[in-house]
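A.B. asks: Provided below: entry05.tsv, containing TSV, C-alpha atoms and all ligand atoms.
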```tsv
chain	number	residue	atom	x	y	z
A	1	MET	CA	293.48	121.66	36.92
A	2	ASN	CA	290.64	119.77	38.46
A	3	SER	CA	288.18	121.08	40.98
A	4	LEU	CA	287.30	117.79	42.66
A	5	ASP	CA	286.81	117.86	46.41
A	6	PHE	CA	289.39	115.55	47.94
A	7	SER	CA	288.25	116.10	51.50
A	8	ASN	CA	286.88	113.20	53.46
A	9	SER	CA	284.17	113.46	56.10
A	10	GLU	CA	286.63	114.91	58.61
A	11	GLY	CA	287.61	117.56	56.11
A	12	ARG	CA	291.11	116.14	55.59
A	13	ARG	CA	292.63	115.68	52.18
A	14	ARG	CA	292.37	112.08	51.07
A	15	PRO	CA	295.44	110.58	49.40
A	16	ILE	CA	295.10	109.69	45.72
A	17	VAL	CA	297.28	106.63	46.14
A	18	ARG	CA	297.92	104.58	49.26
A	19	ILE	CA	300.05	101.47	49.52
A	20	TYR	CA	299.78	99.72	52.89
A	21	ASN	CA	302.33	97.12	53.89
A	22	ALA	CA	302.41	95.65	50.42
A	23	ARG	CA	304.45	92.60	49.54
A	24	MET	CA	304.68	91.46	45.96
A	25	VAL	CA	306.51	88.41	44.75
A	26	TYR	CA	307.13	87.62	41.10
A	27	SER	CA	306.27	83.95	41.25
A	28	ARG	CA	308.98	82.49	39.06
A	29	THR	CA	311.90	84.23	40.72
A	30	GLY	CA	310.72	84.92	44.27
A	31	GLU	CA	311.99	88.48	43.80
A	32	GLY	CA	309.86	91.54	44.17
A	33	LEU	CA	308.86	93.75	47.09
A	34	THR	CA	309.21	92.83	50.74
A	35	ARG	CA	307.44	95.74	52.41
A	36	VAL	CA	306.19	98.94	50.83
A	37	ASN	CA	304.27	101.84	52.33
A	38	LEU	CA	303.57	104.93	50.29
A	39	SER	CA	300.92	107.60	50.16
A	40	VAL	CA	300.59	110.45	47.67
A	41	ASP	CA	298.30	113.40	48.34
A	42	PRO	CA	296.53	115.45	45.66
A	43	GLY	CA	298.95	117.88	44.07
A	44	GLU	CA	302.10	116.36	45.61
A	45	PHE	CA	305.37	115.76	43.76
A	46	VAL	CA	307.17	112.67	45.04
A	47	PHE	CA	310.39	111.07	43.86
A	48	LEU	CA	310.78	107.33	44.27
A	49	VAL	CA	314.49	106.59	44.40
A	50	GLY	CA	316.63	103.52	44.85
A	51	PRO	CA	319.22	101.40	43.07
A	52	SER	CA	318.53	99.18	40.07
A	53	GLY	CA	316.37	96.22	41.06
A	54	ALA	CA	315.17	97.93	44.25
A	55	GLY	CA	311.54	97.74	43.18
A	56	LYS	CA	310.69	101.21	41.81
A	57	SER	CA	308.97	99.97	38.65
A	58	THR	CA	307.17	97.31	40.66
A	59	VAL	CA	305.71	99.98	42.96
A	60	LEU	CA	304.38	101.83	39.91
A	61	LYS	CA	302.99	98.56	38.51
A	62	LEU	CA	301.16	98.02	41.78
A	63	ILE	CA	299.56	101.45	41.39
A	64	TYR	CA	298.41	100.89	37.82
A	65	MET	CA	297.37	97.40	38.86
A	66	ASP	CA	299.55	95.54	36.43
A	67	VAL	CA	300.60	93.39	39.40
A	68	PHE	CA	298.83	92.77	42.70
A	69	PRO	CA	300.21	92.56	46.21
A	70	THR	CA	300.44	89.13	47.82
A	71	GLU	CA	299.96	90.87	51.18
A	72	GLY	CA	298.77	94.35	52.10
A	73	GLN	CA	296.74	96.56	49.82
A	74	VAL	CA	296.91	99.26	47.19
A	75	ILE	CA	294.23	101.94	47.04
A	76	VAL	CA	293.88	104.18	44.01
A	77	GLY	CA	291.00	106.64	44.23
A	78	LYS	CA	287.97	104.53	45.09
A	79	TYR	CA	289.56	101.25	43.98
A	80	ASN	CA	291.23	98.81	46.37
A	81	SER	CA	293.47	96.02	45.09
A	82	ILE	CA	291.68	93.53	47.34
A	83	TYR	CA	288.23	94.12	45.87
A	84	VAL	CA	288.95	95.41	42.38
A	85	ARG	CA	287.52	93.41	39.49
A	86	ARG	CA	289.28	92.81	36.22
A	87	LYS	CA	286.71	94.93	34.39
A	88	ASP	CA	287.42	97.90	36.71
A	89	ILE	CA	291.08	98.09	35.75
A	90	PRO	CA	290.58	100.39	32.74
A	91	TYR	CA	288.76	102.77	35.11
A	92	VAL	CA	291.62	102.61	37.60
A	93	ARG	CA	294.02	103.54	34.78
A	94	ARG	CA	291.86	106.41	33.54
A	95	GLN	CA	292.69	108.22	36.76
A	96	LEU	CA	296.40	107.83	36.02
A	97	GLY	CA	298.77	109.16	33.41
A	98	ILE	CA	301.72	106.84	32.84
A	99	VAL	CA	305.07	107.67	31.25
A	100	PHE	CA	307.84	105.14	30.64
A	101	GLN	CA	311.56	105.43	30.01
A	102	ASP	CA	311.14	104.06	26.47
A	103	PHE	CA	308.18	106.32	25.47
A	104	ARG	CA	305.98	103.46	24.14
A	105	LEU	CA	304.23	105.45	21.43
A	106	LEU	CA	302.20	103.60	18.81
A	107	PRO	CA	304.65	103.52	15.87
A	108	ASP	CA	301.99	103.40	13.16
A	109	ARG	CA	299.93	106.39	14.38
A	110	ASP	CA	300.78	110.05	14.14
A	111	VAL	CA	301.33	112.32	17.14
A	112	PHE	CA	297.71	113.48	17.26
A	113	GLU	CA	296.40	109.92	17.22
A	114	ASN	CA	298.86	108.77	19.87
A	115	VAL	CA	297.46	111.39	22.23
A	116	ALA	CA	293.85	110.90	21.10
A	117	PHE	CA	293.91	107.13	21.49
A	118	ALA	CA	293.14	107.08	25.22
A	119	LEU	CA	290.19	109.41	24.70
A	120	ARG	CA	288.72	107.47	21.78
A	121	VAL	CA	288.30	104.36	23.92
A	122	THR	CA	286.32	106.41	26.47
A	123	GLY	CA	283.79	107.27	23.75
A	124	ALA	CA	284.47	111.02	23.88
A	125	ARG	CA	283.04	113.18	21.06
A	126	ARG	CA	285.27	114.10	18.12
A	127	LYS	CA	285.18	117.80	18.85
A	128	GLU	CA	286.05	117.26	22.49
A	129	ILE	CA	288.87	114.92	21.53
A	130	LYS	CA	290.32	117.51	19.18
A	131	ARG	CA	290.13	120.25	21.80
A	132	LYS	CA	291.75	118.13	24.52
A	133	VAL	CA	294.48	116.70	22.29
A	134	LEU	CA	295.48	120.13	20.98
A	135	ARG	CA	295.51	121.51	24.50
A	136	ALA	CA	297.72	118.67	25.76
A	137	LEU	CA	300.07	119.03	22.78
A	138	GLY	CA	300.16	122.78	23.47
A	139	GLU	CA	301.20	122.07	27.07
A	140	VAL	CA	304.27	120.18	25.85
A	141	GLY	CA	304.98	122.62	23.00
A	142	LEU	CA	304.33	120.18	20.16
A	143	SER	CA	301.10	121.31	18.49
A	144	HIS	CA	303.06	121.97	15.31
A	145	LYS	CA	304.22	118.32	15.14
A	146	ARG	CA	300.77	116.81	15.40
A	147	SER	CA	300.89	115.17	11.97
A	148	LYS	CA	304.36	113.66	12.37
A	149	MET	CA	304.94	109.97	12.97
A	150	PRO	CA	306.90	108.95	16.10
A	151	HIS	CA	309.99	107.92	14.08
A	152	GLN	CA	310.17	111.48	12.72
A	153	LEU	CA	310.66	112.89	16.23
A	154	SER	CA	313.68	113.13	18.51
A	155	GLY	CA	313.70	111.13	21.73
A	156	GLY	CA	312.89	114.22	23.76
A	157	GLU	CA	309.97	115.05	21.48
A	158	GLN	CA	308.67	111.48	21.70
A	159	GLN	CA	308.74	111.69	25.47
A	160	ARG	CA	306.88	114.99	25.35
A	161	VAL	CA	304.19	113.32	23.21
A	162	ALA	CA	304.04	110.56	25.84
A	163	LEU	CA	303.57	113.28	28.46
A	164	ALA	CA	300.77	114.86	26.43
A	165	ARG	CA	299.13	111.43	26.21
A	166	ALA	CA	299.52	111.03	29.98
A	167	ILE	CA	297.79	114.32	30.81
A	168	VAL	CA	295.11	114.43	28.09
A	169	ASN	CA	292.58	112.68	30.31
A	170	GLU	CA	293.24	115.08	33.22
A	171	PRO	CA	294.52	112.37	35.55
A	172	LEU	CA	294.77	112.71	39.32
A	173	ILE	CA	298.39	111.63	39.18
A	174	VAL	CA	301.13	111.12	36.62
A	175	LEU	CA	303.32	108.06	37.22
A	176	ALA	CA	306.69	108.45	35.52
A	177	ASP	CA	309.15	105.56	35.43
A	178	GLU	CA	312.64	106.95	34.69
A	179	PRO	CA	311.12	109.38	32.18
A	180	THR	CA	314.46	111.05	31.50
A	181	GLY	CA	316.53	107.85	31.47
A	182	ASN	CA	316.86	107.61	27.67
A	183	LEU	CA	317.37	111.33	27.03
A	184	ASP	CA	320.37	113.62	26.66
A	185	PRO	CA	320.74	116.22	29.43
A	186	GLU	CA	318.99	119.00	27.53
A	187	ALA	CA	315.94	116.92	26.61
A	188	ALA	CA	315.90	115.47	30.13
A	189	GLU	CA	315.76	118.94	31.63
A	190	MET	CA	312.90	119.88	29.36
A	191	VAL	CA	310.88	116.80	30.34
A	192	MET	CA	311.66	117.43	34.01
A	193	ASN	CA	310.49	121.04	33.70
A	194	LEU	CA	307.28	119.90	32.03
A	195	LEU	CA	306.60	117.48	34.87
A	196	LEU	CA	307.13	120.31	37.36
A	197	ARG	CA	304.77	122.52	35.39
A	198	ILE	CA	302.10	119.82	35.18
A	199	ASN	CA	302.46	119.45	38.95
A	200	ALA	CA	302.26	123.21	39.51
A	201	LYS	CA	298.90	123.16	37.75
A	202	GLY	CA	297.59	120.71	40.34
A	203	THR	CA	298.32	117.18	39.09
A	204	ALA	CA	300.24	114.94	41.49
A	205	VAL	CA	303.42	113.32	40.13
A	206	LEU	CA	305.21	110.18	41.29
A	207	MET	CA	308.53	109.85	39.49
A	208	ALA	CA	310.83	106.84	39.82
A	209	THR	CA	314.49	107.58	39.17
A	210	HIS	CA	317.97	106.56	40.25
A	211	ASN	CA	319.34	110.00	39.38
A	212	VAL	CA	320.15	111.17	42.91
A	213	ASP	CA	321.78	114.44	41.75
A	214	LEU	CA	318.61	115.50	39.99
A	215	VAL	CA	316.46	114.63	42.99
A	216	GLU	CA	318.62	116.59	45.43
A	217	LYS	CA	318.40	119.72	43.28
A	218	MET	CA	314.60	119.68	43.25
A	219	GLY	CA	313.82	119.87	46.95
A	220	LYS	CA	310.73	117.65	46.62
A	221	ARG	CA	309.57	114.81	48.84
A	222	VAL	CA	311.70	111.70	48.38
A	223	VAL	CA	310.69	108.11	49.14
A	224	ARG	CA	313.56	105.64	49.21
A	225	ILE	CA	313.28	102.02	48.26
A	226	GLU	CA	315.96	99.40	48.77
A	227	ASN	CA	315.70	95.64	48.41
A	228	GLY	CA	311.96	95.93	47.96
A	229	ARG	CA	311.39	97.96	51.10
A	230	THR	CA	310.43	101.62	51.44
A	231	PHE	CA	311.99	103.88	54.06
B	1	LIG	N1	308.46	90.49	35.41
B	1	LIG	C1	309.29	90.11	36.38
B	1	LIG	N2	309.47	88.79	36.66
B	1	LIG	C2	310.29	88.39	37.66
B	1	LIG	N3	311.00	89.22	38.45
B	1	LIG	C3	310.89	90.54	38.20
B	1	LIG	C4	310.04	91.06	37.16
B	1	LIG	N4	310.15	92.41	37.15
B	1	LIG	C5	311.01	92.73	38.14
B	1	LIG	N5	311.45	91.62	38.77
B	1	LIG	C6	312.39	91.59	39.92
B	1	LIG	O1	311.80	92.38	40.97
B	1	LIG	C7	312.80	93.19	41.59
B	1	LIG	C8	312.39	94.66	41.48
B	1	LIG	O2	312.44	95.03	40.11
B	1	LIG	P1	312.01	96.49	39.57
B	1	LIG	O3	311.95	96.39	38.09
B	1	LIG	O4	310.81	96.93	40.28
B	1	LIG	O5	313.27	97.37	40.03
B	1	LIG	P2	313.64	98.88	39.68
B	1	LIG	O6	313.92	99.57	40.97
B	1	LIG	O7	312.60	99.47	38.81
B	1	LIG	O8	315.01	98.73	38.87
B	1	LIG	P3	315.62	99.63	37.67
B	1	LIG	O9	316.19	100.88	38.32
B	1	LIG	O10	316.69	98.76	37.09
B	1	LIG	O11	314.52	99.93	36.71
B	1	LIG	C9	314.12	92.85	40.92
B	1	LIG	O12	314.76	91.90	41.72
B	1	LIG	C10	313.70	92.27	39.60
B	1	LIG	O13	314.64	91.32	39.15
B	2	MG	MG	312.60	100.19	36.89
```
I'd like the structure from this file rewritten - as structure tokens, please.
Ligand SMILES: Nc1ncnc2c1ncn2[C@@H]1O[C@H](COP(=O)(O)OP(=O)(O)OP(=O)(O)O)[C@@H](O)[C@H]1O
Ligand SMILES: [Mg+2]
C.D. replies:
Amino acid sequence: MNSLDFSNSEGRRRPIVRIYNARMVYSRTGEGLTRVNLSVDPGEFVFLVGPSGAGKSTVLKLIYMDVFPTEGQVIVGKYNSIYVRRKDIPYVRRQLGIVFQDFRLLPDRDVFENVAFALRVTGARRKEIKRKVLRALGEVGLSHKRSKMPHQLSGGEQQRVALARAIVNEPLIVLADEPTGNLDPEAAEMVMNLLLRINAKGTAVLMATHNVDLVEKMGKRVVRIENGRTF
């Protein structure tokens, strides 16, 4: 939970992420996004849905500034894609927790170190790192596996470690790209429930998925994307 004041001078809540009329073209193919508008408020849970190739992952890449819009702008906290400098990008990403379909844990580091890694680069103290890592692992129910290597975990457990890594820095928003896509139904439900719990504690979540059944059950806000365009 964070106690930051998100109000602007008029006392309204300021979105964490805003995408205004963004176009993004992957240069070699000409494919990408034609027109995207999206805004996520503090504490919101938003599903980003659409068929394969619609542009869901590209929208998330715009937010973590892996790609930049060719038109329009992307605003993340105080950073704007138009003005952001290359050296600011790590600071943009520190406000975000990112989870991928394929987990992307460091294979040669144990669970504790996978979660600690993002904190070590910020220069946090050892004691603080330990406290935060154990708290994040506690959130996902994996404190007891902290000395295991990723290959010793099930897929669902690996994704829960990835979730712990995503929240350890107390991000404003968790971006999740098909986080349940590689999991069996039971593990998928567990990861989904953890995302809901993280959200209930105050962290915004933007989750890309093509699982329409799941989305309908949840009763959360849904943003549709088709052929690179949001609706
Ligand atoms: N690195 C890339 N280089 C060139 N074109 C790309 C690249 N990544 C994505 N694209 C193209 O951009 C479009 C949007 O892709 P994106 O990966 O965002 O879709 P998606 O909605 O995430 O699909 P999926 O559900 O399959 O993950 C597609 O036409 C895709 O082929
Ligand atoms: Mg994708």
A.B. asks: What's the separation between atom CA of A:Ile129 and atom CA of A:Arg94, in Å to one decimal place?
C.D. replies: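 Going from atom CA of A:Ile129 over to atom CA of A:Arg94 covers 15.0 Å.
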A.B. asks: So that I can see what lies close to A:Ala118, please list as a list in words the residues with an atom at most 10 Å from it, counting only C-alpha atoms and leaving out residues fewer than 3 positions away in the same chain.
C.D. replies: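 In the requested format, the answer is Arg94, Glu113, Asn114, Val115, Val121, Thr122, Gly123, Ala124, Ile129, Arg165, Ala166, Val168 and Asn169 of chain A.
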A.B. asks: Hey, which of A:Pro171, A:Gly32, A:Gly219, A:Gly156 ends up closest to ligand MG 2 (chain B)? Count only C-alpha atoms and all ligand atoms.
C.D. replies: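 Distance minimum relative to ligand MG 2 (chain B) lands on A:Gly32.
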A.B. asks: Between atom CA of A:Gln73 and atom CA of A:Glu226, what is the spacing in Å?
C.D. replies: 19.5 Å
A.B. asks: Return the single residue from A:Glu189, A:Asp110, A:Glu31, A:Asp41 that is closest to A:Arg14, with distances computed using all atoms listed in the file.
C.D. replies: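 Under the stated criterion, the closest residue is A:Asp41.
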A.B. asks: Taking (305.7, 112.5, 20.4) in the file's coordinates, which residues come within 10 Å, counting all atoms listed in the file, written as a PDB file with C-alpha atoms, in the coordinates of the input?
C.D. replies:
```
ATOM      1  CA  PHE A 103     308.180 106.320  25.470  1.00  0.00           C
ATOM      2  CA  ARG A 104     305.980 103.460  24.140  1.00  0.00           C
ATOM      3  CA  LEU A 105     304.230 105.450  21.430  1.00  0.00           C
ATOM      4  CA  LEU A 106     302.200 103.600  18.810  1.00  0.00           C
ATOM      5  CA  ASP A 110     300.780 110.050  14.140  1.00  0.00           C
ATOM      6  CA  VAL A 111     301.330 112.320  17.140  1.00  0.00           C
ATOM      7  CA  PHE A 112     297.710 113.480  17.260  1.00  0.00           C
ATOM      8  CA  ASN A 114     298.860 108.770  19.870  1.00  0.00           C
ATOM      9  CA  VAL A 115     297.460 111.390  22.230  1.00  0.00           C
ATOM     10  CA  LEU A 137     300.070 119.030  22.780  1.00  0.00           C
ATOM     11  CA  VAL A 140     304.270 120.180  25.850  1.00  0.00           C
ATOM     12  CA  LEU A 142     304.330 120.180  20.160  1.00  0.00           C
ATOM     13  CA  LYS A 145     304.220 118.320  15.140  1.00  0.00           C
ATOM     14  CA  ARG A 146     300.770 116.810  15.400  1.00  0.00           C
ATOM     15  CA  LYS A 148     304.360 113.660  12.370  1.00  0.00           C
ATOM     16  CA  MET A 149     304.940 109.970  12.970  1.00  0.00           C
ATOM     17  CA  PRO A 150     306.900 108.950  16.100  1.00  0.00           C
ATOM     18  CA  HIS A 151     309.990 107.920  14.080  1.00  0.00           C
ATOM     19  CA  GLN A 152     310.170 111.480  12.720  1.00  0.00           C
ATOM     20  CA  LEU A 153     310.660 112.890  16.230  1.00  0.00           C
ATOM     21  CA  SER A 154     313.680 113.130  18.510  1.00  0.00           C
ATOM     22  CA  GLY A 155     313.700 111.130  21.730  1.00  0.00           C
ATOM     23  CA  GLY A 156     312.890 114.220  23.760  1.00  0.00           C
ATOM     24  CA  GLU A 157     309.970 115.050  21.480  1.00  0.00           C
ATOM     25  CA  GLN A 158     308.670 111.480  21.700  1.00  0.00           C
ATOM     26  CA  GLN A 159     308.740 111.690  25.470  1.00  0.00           C
ATOM     27  CA  ARG A 160     306.880 114.990  25.350  1.00  0.00           C
ATOM     28  CA  VAL A 161     304.190 113.320  23.210  1.00  0.00           C
ATOM     29  CA  ALA A 162     304.040 110.560  25.840  1.00  0.00           C
ATOM     30  CA  LEU A 163     303.570 113.280  28.460  1.00  0.00           C
ATOM     31  CA  ALA A 164     300.770 114.860  26.430  1.00  0.00           C
ATOM     32  CA  ARG A 165     299.130 111.430  26.210  1.00  0.00           C
TER      33      ARG A 165
END
```
A.B. asks: Determine, counting only C-alpha atoms, which protein, DNA and RNA residues have an atom within 12 Å of an atom of A:Arg23; residues of the same chain fewer than 3 positions away are not included. Present the result as a PyMOL selection string.
C.D. replies: chain A and resi 19-20+26+30-37+55+58-59+62+67-74+227-230
A.B. asks: Which of these, A:Val92, A:Leu183, A:Leu194, A:Ala208, has the shortest distance to ligand MG 2 (chain B) once you count all atoms listed in the file?
C.D. replies: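 Ranked by minimum distance to ligand MG 2 (chain B), first place goes to A:Ala208.
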A.B. asks: Point out the residue among A:Pro185, A:Gly53, A:Pro90, A:Pro42 with the least atom-to-atom distance to ligand LIG 1 (chain B), counting all atoms listed in the file.
C.D. replies: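 So, comparing all the options, the nearest one is A:Gly53.
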A.B. asks: List as a PyMOL selection string the protein and nucleic acid residues lying within 10 Å of ligand MG 2 (chain B), with only C-alpha atoms and all ligand atoms counted.
C.D. replies: chain A and resi 50-61+100-101+177-178+208-210
A.B. asks: What's the separation between atom CA of A:Ile167 and atom CA of A:Val17, in Å to one decimal place?
C.D. replies: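 Separation between atom CA of A:Ile167 and atom CA of A:Val17: 17.2 Å.
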A.B. asks: Rank A:Arg18, A:Arg224, A:Arg120, A:Arg135 by their smallest atom-to-atom distance to ligand LIG 1 (chain B), using all atoms listed in the file, and report the top residue only.
C.D. replies: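 Smallest separation from ligand LIG 1 (chain B) among the options: A:Arg224.
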A.B. asks: Output, as AutoDock Vina command-line options, the centre and edge lengths in Å (one decimal) of the axis-aligned box that contains all listed atoms of stretch 221-229 of chain A with 8 Å of margin on each side.
C.D. replies:
```
--center_x 312.8 --center_y 105.2 --center_z 49.5 --size_x 22.4 --size_y 35.2 --size_z 19.1
```
A.B. asks: So, with only C-alpha atoms and all ligand atoms as the atoms that count, which of A:Leu214, A:Ala200, A:Val25, A:Val76 lies closest to ligand LIG 1 (chain B)?
C.D. replies: A:Val25
A.B. asks: So which residues touch A:Val212 within 9 Å, counting all atoms listed in the file, skipping near sequence neighbours fewer than 4 positions away, as a ChimeraX atom specification?
C.D. replies: /A:49-50,216-217
A.B. asks: As a PDB file, in the coordinates of the input, please: stretch 160-172 of chain A completed to N, CA and C atoms.
C.D. replies:
```
ATOM      1  N   ARG A 160     307.869 113.917  25.119  1.00  0.00           N
ATOM      2  CA  ARG A 160     306.880 114.990  25.350  1.00  0.00           C
ATOM      3  C   ARG A 160     305.509 114.588  24.811  1.00  0.00           C
ATOM      4  N   VAL A 161     305.481 113.840  23.696  1.00  0.00           N
ATOM      5  CA  VAL A 161     304.190 113.320  23.210  1.00  0.00           C
ATOM      6  C   VAL A 161     303.617 112.341  24.246  1.00  0.00           C
ATOM      7  N   ALA A 162     304.504 111.509  24.806  1.00  0.00           N
ATOM      8  CA  ALA A 162     304.040 110.560  25.840  1.00  0.00           C
ATOM      9  C   ALA A 162     303.471 111.320  27.043  1.00  0.00           C
ATOM     10  N   LEU A 163     304.090 112.459  27.361  1.00  0.00           N
ATOM     11  CA  LEU A 163     303.570 113.280  28.460  1.00  0.00           C
ATOM     12  C   LEU A 163     302.201 113.872  28.110  1.00  0.00           C
ATOM     13  N   ALA A 164     302.066 114.331  26.868  1.00  0.00           N
ATOM     14  CA  ALA A 164     300.770 114.860  26.430  1.00  0.00           C
ATOM     15  C   ALA A 164     299.701 113.775  26.532  1.00  0.00           C
ATOM     16  N   ARG A 165     300.055 112.561  26.120  1.00  0.00           N
ATOM     17  CA  ARG A 165     299.130 111.430  26.210  1.00  0.00           C
ATOM     18  C   ARG A 165     298.768 111.151  27.669  1.00  0.00           C
ATOM     19  N   ALA A 166     299.759 111.315  28.559  1.00  0.00           N
ATOM     20  CA  ALA A 166     299.520 111.030  29.980  1.00  0.00           C
ATOM     21  C   ALA A 166     298.564 112.040  30.605  1.00  0.00           C
ATOM     22  N   ILE A 167     298.605 113.284  30.142  1.00  0.00           N
ATOM     23  CA  ILE A 167     297.790 114.320  30.810  1.00  0.00           C
ATOM     24  C   ILE A 167     296.469 114.600  30.089  1.00  0.00           C
ATOM     25  N   VAL A 168     296.277 114.020  28.908  1.00  0.00           N
ATOM     26  CA  VAL A 168     295.110 114.430  28.090  1.00  0.00           C
ATOM     27  C   VAL A 168     293.782 114.118  28.788  1.00  0.00           C
ATOM     28  N   ASN A 169     293.799 113.097  29.610  1.00  0.00           N
ATOM     29  CA  ASN A 169     292.580 112.680  30.310  1.00  0.00           C
ATOM     30  C   ASN A 169     292.413 113.366  31.657  1.00  0.00           C
ATOM     31  N   GLU A 170     293.257 114.367  31.932  1.00  0.00           N
ATOM     32  CA  GLU A 170     293.240 115.080  33.220  1.00  0.00           C
ATOM     33  C   GLU A 170     293.299 114.120  34.397  1.00  0.00           C
ATOM     34  N   PRO A 171     294.402 113.371  34.490  1.00  0.00           N
ATOM     35  CA  PRO A 171     294.520 112.370  35.550  1.00  0.00           C
ATOM     36  C   PRO A 171     294.717 113.021  36.918  1.00  0.00           C
ATOM     37  N   LEU A 172     294.485 112.239  37.962  1.00  0.00           N
ATOM     38  CA  LEU A 172     294.770 112.710  39.320  1.00  0.00           C
ATOM     39  C   LEU A 172     296.262 112.714  39.578  1.00  0.00           C
TER      40      LEU A 172
END
```
